[in-house]
Amino acid sequence: MQGRGLAKILVVEDDENLAGVLAGDLRLAGYEVLSVKTGLAALELAALEHPDVVLLDLGLPDLDGLEVARQLRADNAPVIIAVTGRISIADRVDGLYAGADDYITKPFALEELRARLHAQLRLRRPHNDAIEIGTLKLEPHARKCSVGAAEISLSTKEFELLEILARRPGRIFSQSELFERSYQDLEPDSNAIEVRISAIRRKLRQAGLENVIRTVRGAGYAFRNSD
Amino acid sequence: MSNAFLQPQVRPIHALRTRLALAYTVLTLFLTGILGIASYFGINFALERHLKEETASYGQNLQARFDNPINALQEKAFYGEVYYQLHDLDGQPVAQFHSSNLGNLQLPTVNGLTHLENRVLWIGKTNWTIRSRVIGSIYVAVDARELEQTRKFALVALTGLALLATLLAFPLGYTIGARGLKPLELAAARAANVDPSNPQSLGLTGLVGDEVGVLVGALEGTLTRIRDRQQIERGTLAEIAHELGTPLTVLTAQLENLASQTANPLAISARDAAWDIARTSEDLLLLARGELEPTLDLHLLDAREVVRAVALEYQQSPLEFVVPPNRLEISADPVRLRQAIRNLTRNAVRAVTNTRETCEFRPASVQLKLEQQGQKAIISITDNGPGIRPEDLEFIFERFYSRAGGSGIGLAVVRRIARAHGGDARAFNNHTGGAMFVLELPLADLELE
């Protein structure tokens, strides 16, 4: 895999034992690993080292884990995998809103963690933030979407929606969740999402990509995850 | 527990409102009766006294006048409508004064009244004395139509009043009772349906501070205290599970490394035990979280992948694993679904390995099978262990129901996860022996593009 051996991972974990185990295992798996114990140190080191992935424990001694995720996302846009052990139901959802790409709940198996890392790194090339799934390529900074060599012109909202879906293939996003994430400033309108989704589908179909976005009745939309 | 809405039934005849209304009615009848009888006799007494006094005073007048019998001859006009008769000691009329012949005034009376030629009379009797010697009787008759009419009217009016009061008392008492007791009935209906694992408020508002209000308030307070208590217990449970999270991750990771490096059976069994603890703490955390729905991280996924992932965890076990050749797309939280299937598989594997001695002639086997039935994905885990005791079948998915062995957590988690996904979990005994657990999940309702 292209990410392996090159990817730099920042482990933010205040438990020394766990940090040690994680660092050891990830190094063994071929990643370059940095490890810090506090949120402040994480932000400082992230600014210097530009890690590809931050493995972020949400229960940090100094800063709120979600706040750290927000700032990391704003500054460097690394892949963030939140590690939660906390009780609150809202944690995961909040973690994802704050910009975490995935989460994992303690206790977890290292194998599971490696699989998540692998999946995230497969989606994105290091230092580039681009998402590639098959022939579809999304470049969020440039707002560019292409299928193979052909560029597809999407509106800002269309691009946002496709990006949300493509970041987590298979994950079902309800209409209201999509709305909250992309139209924070607007009144909810059930039609808005539907209209954008069908526009995206039409454009992708013209470029030869069929059935990329699936509709699950009564649940929402999901990016195809069959390959 | 079945979800049929429980409605506590009170037979109408036993209803407190009926009994109260009946009591009010009887009381009203009694009181108005007493009052009516008293007023009737009061009125009657007053009128009769008036008539007695009237006739007595006429009698005395006559007495005075008949000291000299000559005076008597001039009296007729003076008394107008009053009739009188003088009798001698033998009761024979000797003189009378009236335009018409009234006959003997020694007539039978009914309730003091005498009916004579369409007249209603009150007859009073005084002694006729001359120089202190009784020589006969003086009968004075006055018109008493008024007394008769008043009596009739009073009787009708008082009886009517008593009946009316009684007739009003029942519906009024019933209505007031019903209104006052309505919240009680509602409270009973809702209290009967309180989910013991999640006792929500009865949701009765606008109660006045009467006994019912106090009772409902007390009930509400109890529910709140139970809820608070549960909240604390859940919190503690979650805290414990959380505290276990980090060390368990370390423990399992280290033992995993050790086991894979040395292939030492001791290390492997330690690793497996550590994973058991880790999974149990995961179950505890899930139960402690209470409602699962908001935490589901739904994915559109192939059910085969999840089943396969669990089967891979049990490679060392006598596990047979069957999936269909085609994708079965479901919308599910992969982590939670795997937890549910794993719990069932783990139970089955335990059931066959713990009891291998008892079924010595059959090799232990567990089958994990995924198939499609209509619009459902059916995941069944069948073992040839001892099976489930029939009396446990119904309760086996209840939280903390541990008679079947184990903590009563794993299966509760399975059912909760299944239901959160719009499916369900069931338990059966195979006719060939052994248990079968079935996890039903609806297939994703996909719309074609």
# chains A, B, ... in the order shown; residues from 1 in each chain; ligands from 1
>>> closest_atom_pairs(of="chain B", to="chain A", cutoff="10 Å", atoms="only C-alpha atoms", output="CSV")
residue,atom,partner,partner_atom,distance
B:Arg234,CA,A:Ile87,CA,9.6
B:Gly235,CA,A:Ile87,CA,7.7
B:Thr236,CA,A:Ile87,CA,9.9
B:Leu237,CA,A:Ile87,CA,9.6
B:Ala238,CA,A:Ile87,CA,5.9
B:Glu239,CA,A:Ile87,CA,7.1
B:Ala241,CA,A:Gly85,CA,8.5
B:His242,CA,A:Gly85,CA,5.4
B:Glu243,CA,A:Gly85,CA,8.1
B:Leu244,CA,A:Pro107,CA,7.7
B:Gly245,CA,A:Pro107,CA,4.5
B:Thr246,CA,A:Lys106,CA,6.2
B:Pro247,CA,A:Leu18,CA,7.4
B:Leu248,CA,A:Pro107,CA,5.8
B:Thr249,CA,A:Pro107,CA,4.7
B:Val250,CA,A:Leu18,CA,5.3
B:Leu251,CA,A:Leu18,CA,9.0
B:Thr252,CA,A:Ala109,CA,7.2
B:Ala253,CA,A:Leu110,CA,6.3
B:Gln254,CA,A:Val21,CA,7.4
B:Glu256,CA,A:Ala109,CA,8.9
B:Asn257,CA,A:Asp25,CA,9.0
B:Trp275,CA,A:Ala109,CA,9.0
B:Ile277,CA,A:Pro107,CA,9.8
B:Ala278,CA,A:Pro107,CA,6.1
B:Arg279,CA,A:Pro107,CA,8.1
B:Ser281,CA,A:Pro107,CA,8.1
B:Glu282,CA,A:Pro107,CA,7.3
B:Leu285,CA,A:Ile87,CA,7.6
B:Leu286,CA,A:Ile87,CA,9.3
B:Ala288,CA,A:Ile87,CA,8.4
B:Arg289,CA,A:Ile89,CA,6.9
B:Gly290,CA,A:Ile89,CA,9.2
B:Glu291,CA,A:Ile89,CA,9.1
B:Leu292,CA,A:Ile89,CA,8.6
B:Glu293,CA,A:Ile89,CA,9.7
B:Pro294,CA,A:Ile89,CA,7.2
B:Thr295,CA,A:Ile89,CA,6.0
B:Leu296,CA,A:Val93,CA,9.6
B:Asp297,CA,A:Arg171,CA,7.4
B:Leu298,CA,A:Ile172,CA,5.4
B:His299,CA,A:Arg171,CA,4.1
B:Leu300,CA,A:Gly170,CA,4.9
B:Leu301,CA,A:Gly170,CA,6.4
B:Asp302,CA,A:Ser226,CA,8.2
B:Arg327,CA,A:Ser226,CA,9.2
B:Glu329,CA,A:Ser226,CA,9.9
B:Ile330,CA,A:Val216,CA,9.3
B:Ser331,CA,A:Ile172,CA,7.7
B:Ala332,CA,A:Ile172,CA,8.9
B:Asp333,CA,A:Arg171,CA,8.9
B:Pro334,CA,A:Arg171,CA,10.0
B:Val335,CA,A:Ile104,CA,9.5
B:Leu443,CA,A:Val216,CA,10.0
B:Ala444,CA,A:Val216,CA,6.2
B:Asp445,CA,A:Arg217,CA,5.2
B:Leu446,CA,A:Val216,CA,4.7
B:Glu447,CA,A:Thr215,CA,5.3
B:Leu448,CA,A:Thr215,CA,7.4
B:Glu449,CA,A:Asn211,CA,6.1
>>> residues_around(residues="Thr109 (chain B)", least_positions_apart="5", cutoff="12 Å", atoms="only C-alpha atoms", output="PyMOL selection string")
chain B and resi 114-116+120-124+141
>>> residues_around(residues="Val352 (chain B)", least_positions_apart="6", cutoff="8 Å", atoms="only C-alpha atoms", output="JSON, numbers by chain")
{"B": [364, 365, 366, 383, 384, 385, 386]}
>>> select_by_dssp(residues="region 262-431 of chain B", states="strand (DSSP E)", output="JSON, numbers by chain")
{"B": [299, 300, 301, 302, 319, 320, 321, 322, 329, 330, 331, 332, 366, 367, 368, 369, 370, 371, 372, 373, 376, 377, 378, 379, 380, 381, 382, 383, 424, 425, 426, 427, 428, 429]}
>>> write_last_selection(atoms="N, CA, C and O atoms", output="compact mmCIF listing (two decimals), in the first residue's frame")
# COMPACT_ATOMS: atom_id res chain seq x y z
N HIS B 299 -24.12 1.49 8.71
CA HIS B 299 -23.41 1.33 7.44
C HIS B 299 -24.25 0.45 6.52
O HIS B 299 -24.98 -0.42 6.99
N LEU B 300 -24.09 0.69 5.26
CA LEU B 300 -24.69 -0.21 4.30
C LEU B 300 -23.65 -1.28 4.06
O LEU B 300 -22.56 -1.00 3.55
N LEU B 301 -23.93 -2.50 4.51
CA LEU B 301 -22.87 -3.51 4.42
C LEU B 301 -23.42 -4.88 4.08
O LEU B 301 -24.63 -5.12 4.16
N ASP B 302 -22.49 -5.74 3.69
CA ASP B 302 -22.83 -7.10 3.33
C ASP B 302 -22.80 -7.93 4.61
O ASP B 302 -21.76 -8.03 5.27
N LEU B 319 -16.36 -24.79 14.76
CA LEU B 319 -17.38 -23.91 14.18
C LEU B 319 -17.50 -24.11 12.68
O LEU B 319 -16.53 -23.98 11.94
N GLU B 320 -18.70 -24.42 12.28
CA GLU B 320 -18.98 -24.54 10.85
C GLU B 320 -19.65 -23.24 10.43
O GLU B 320 -20.47 -22.69 11.17
N PHE B 321 -19.33 -22.79 9.23
CA PHE B 321 -19.76 -21.44 8.91
C PHE B 321 -20.33 -21.43 7.48
O PHE B 321 -19.70 -21.87 6.54
N VAL B 322 -21.58 -21.01 7.37
CA VAL B 322 -22.30 -21.11 6.09
C VAL B 322 -22.84 -19.75 5.69
O VAL B 322 -23.58 -19.12 6.46
N GLU B 329 -27.41 -7.26 1.63
CA GLU B 329 -27.14 -5.91 2.10
C GLU B 329 -28.08 -5.51 3.22
O GLU B 329 -29.30 -5.57 3.09
N ILE B 330 -27.48 -5.13 4.33
CA ILE B 330 -28.28 -4.68 5.48
C ILE B 330 -27.75 -3.32 5.91
O ILE B 330 -26.63 -2.94 5.56
N SER B 331 -28.59 -2.60 6.63
CA SER B 331 -28.09 -1.34 7.18
C SER B 331 -27.89 -1.57 8.66
O SER B 331 -28.82 -1.82 9.41
N ALA B 332 -26.63 -1.56 9.07
CA ALA B 332 -26.30 -1.97 10.43
C ALA B 332 -25.02 -1.30 10.91
O ALA B 332 -24.23 -0.80 10.11
N VAL B 366 -20.80 -26.45 16.29
CA VAL B 366 -21.55 -25.19 16.29
C VAL B 366 -21.66 -24.76 14.84
O VAL B 366 -20.66 -24.79 14.12
N GLN B 367 -22.85 -24.40 14.44
CA GLN B 367 -23.00 -23.93 13.08
C GLN B 367 -23.44 -22.46 13.09
O GLN B 367 -24.41 -22.10 13.75
N LEU B 368 -22.70 -21.64 12.38
CA LEU B 368 -23.04 -20.23 12.23
C LEU B 368 -23.48 -20.05 10.79
O LEU B 368 -22.70 -20.27 9.86
N LYS B 369 -24.74 -19.72 10.62
CA LYS B 369 -25.29 -19.74 9.27
C LYS B 369 -26.01 -18.44 8.96
O LYS B 369 -26.77 -17.91 9.77
N LEU B 370 -25.74 -17.94 7.77
CA LEU B 370 -26.44 -16.75 7.29
C LEU B 370 -27.28 -17.14 6.09
O LEU B 370 -26.80 -17.82 5.19
N GLU B 371 -28.53 -16.74 6.10
CA GLU B 371 -29.36 -17.02 4.92
C GLU B 371 -30.38 -15.91 4.76
O GLU B 371 -30.62 -15.11 5.66
N GLN B 372 -30.98 -15.90 3.57
CA GLN B 372 -32.01 -14.90 3.31
C GLN B 372 -33.37 -15.55 3.38
O GLN B 372 -33.58 -16.63 2.82
N GLN B 373 -34.29 -14.89 4.09
CA GLN B 373 -35.69 -15.36 4.10
C GLN B 373 -36.55 -14.15 3.82
O GLN B 373 -36.69 -13.28 4.67
N LYS B 376 -35.57 -10.58 4.91
CA LYS B 376 -34.79 -10.62 6.14
C LYS B 376 -33.50 -11.39 5.93
O LYS B 376 -33.45 -12.37 5.17
N ALA B 377 -32.49 -10.93 6.65
CA ALA B 377 -31.27 -11.72 6.76
C ALA B 377 -31.38 -12.49 8.07
O ALA B 377 -31.65 -11.91 9.11
N ILE B 378 -31.23 -13.80 8.00
CA ILE B 378 -31.37 -14.64 9.18
C ILE B 378 -30.00 -15.19 9.54
O ILE B 378 -29.37 -15.89 8.73
N ILE B 379 -29.55 -14.87 10.73
CA ILE B 379 -28.29 -15.41 11.20
C ILE B 379 -28.62 -16.40 12.31
O ILE B 379 -29.21 -16.02 13.32
N SER B 380 -28.30 -17.68 12.08
CA SER B 380 -28.63 -18.65 13.12
C SER B 380 -27.37 -19.30 13.65
O SER B 380 -26.42 -19.56 12.91
N ILE B 381 -27.37 -19.52 14.95
CA ILE B 381 -26.22 -20.17 15.60
C ILE B 381 -26.79 -21.42 16.28
O ILE B 381 -27.59 -21.32 17.21
N THR B 382 -26.40 -22.57 15.77
CA THR B 382 -26.96 -23.82 16.26
C THR B 382 -25.85 -24.63 16.92
O THR B 382 -24.76 -24.76 16.36
N ASP B 383 -26.12 -25.18 18.10
CA ASP B 383 -25.11 -26.02 18.73
C ASP B 383 -25.72 -27.36 19.12
O ASP B 383 -26.95 -27.51 19.11
N ASP B 424 -34.89 -8.76 15.49
CA ASP B 424 -35.15 -9.36 16.80
C ASP B 424 -34.25 -10.58 16.99
O ASP B 424 -33.61 -11.05 16.05
N ALA B 425 -34.21 -11.04 18.23
CA ALA B 425 -33.42 -12.23 18.55
C ALA B 425 -34.34 -13.26 19.18
O ALA B 425 -35.23 -12.90 19.95
N ARG B 426 -34.17 -14.53 18.82
CA ARG B 426 -35.03 -15.60 19.36
C ARG B 426 -34.18 -16.78 19.79
O ARG B 426 -33.07 -16.98 19.27
N ALA B 427 -34.75 -17.55 20.69
CA ALA B 427 -34.04 -18.75 21.14
C ALA B 427 -34.95 -19.96 21.00
O ALA B 427 -36.15 -19.87 21.25
N PHE B 428 -34.39 -21.07 20.58
CA PHE B 428 -35.17 -22.31 20.42
C PHE B 428 -34.35 -23.47 20.95
O PHE B 428 -33.13 -23.36 21.12
N ASN B 429 -35.03 -24.59 21.13
CA ASN B 429 -34.32 -25.84 21.34
C ASN B 429 -34.49 -26.68 20.08
O ASN B 429 -35.60 -26.79 19.54
>>> residues_around(residues="Leu123 (chain A)", least_positions_apart="4", cutoff="7 Å", atoms="only C-alpha atoms", output="list in words")
Ala119, Ile131, Glu132 and Ile133 of chain A
>>> residues_around(residues="Asp101 (chain A)", least_positions_apart="3", cutoff="8 Å", atoms="only C-alpha atoms", output="PyMOL selection string")
chain A and resi 79-82+96+120+167-168
>>> atom_distance(atom1="CA of Lys37 (chain A)", atom2="CA of Arg122 (chain A)")
27.3 Å
>>> closest_residue(among="A:Glu44, A:Leu56, A:Ser153, A:His50", to="Val11 (chain A)", atoms="only C-alpha atoms")
A:Leu56
>>> select_by_dssp(residues="region 15-146 of chain A", states="helix (DSSP H, G or I)", output="number ranges by chain")
A: 16-28, 39-49, 65-75, 90-97, 110-123
>>> closest_residue(among="A:Leu40, A:Leu209, A:Ile9, A:Leu162", to="Gly148 (chain A)", atoms="only C-alpha atoms")
A:Leu209
>>> residues_around(residues="Ala149 (chain A)", least_positions_apart="5", cutoff="12 Å", atoms="only C-alpha atoms", output="VMD selection string")
chain A and resid 135 to 137 144 207 to 208
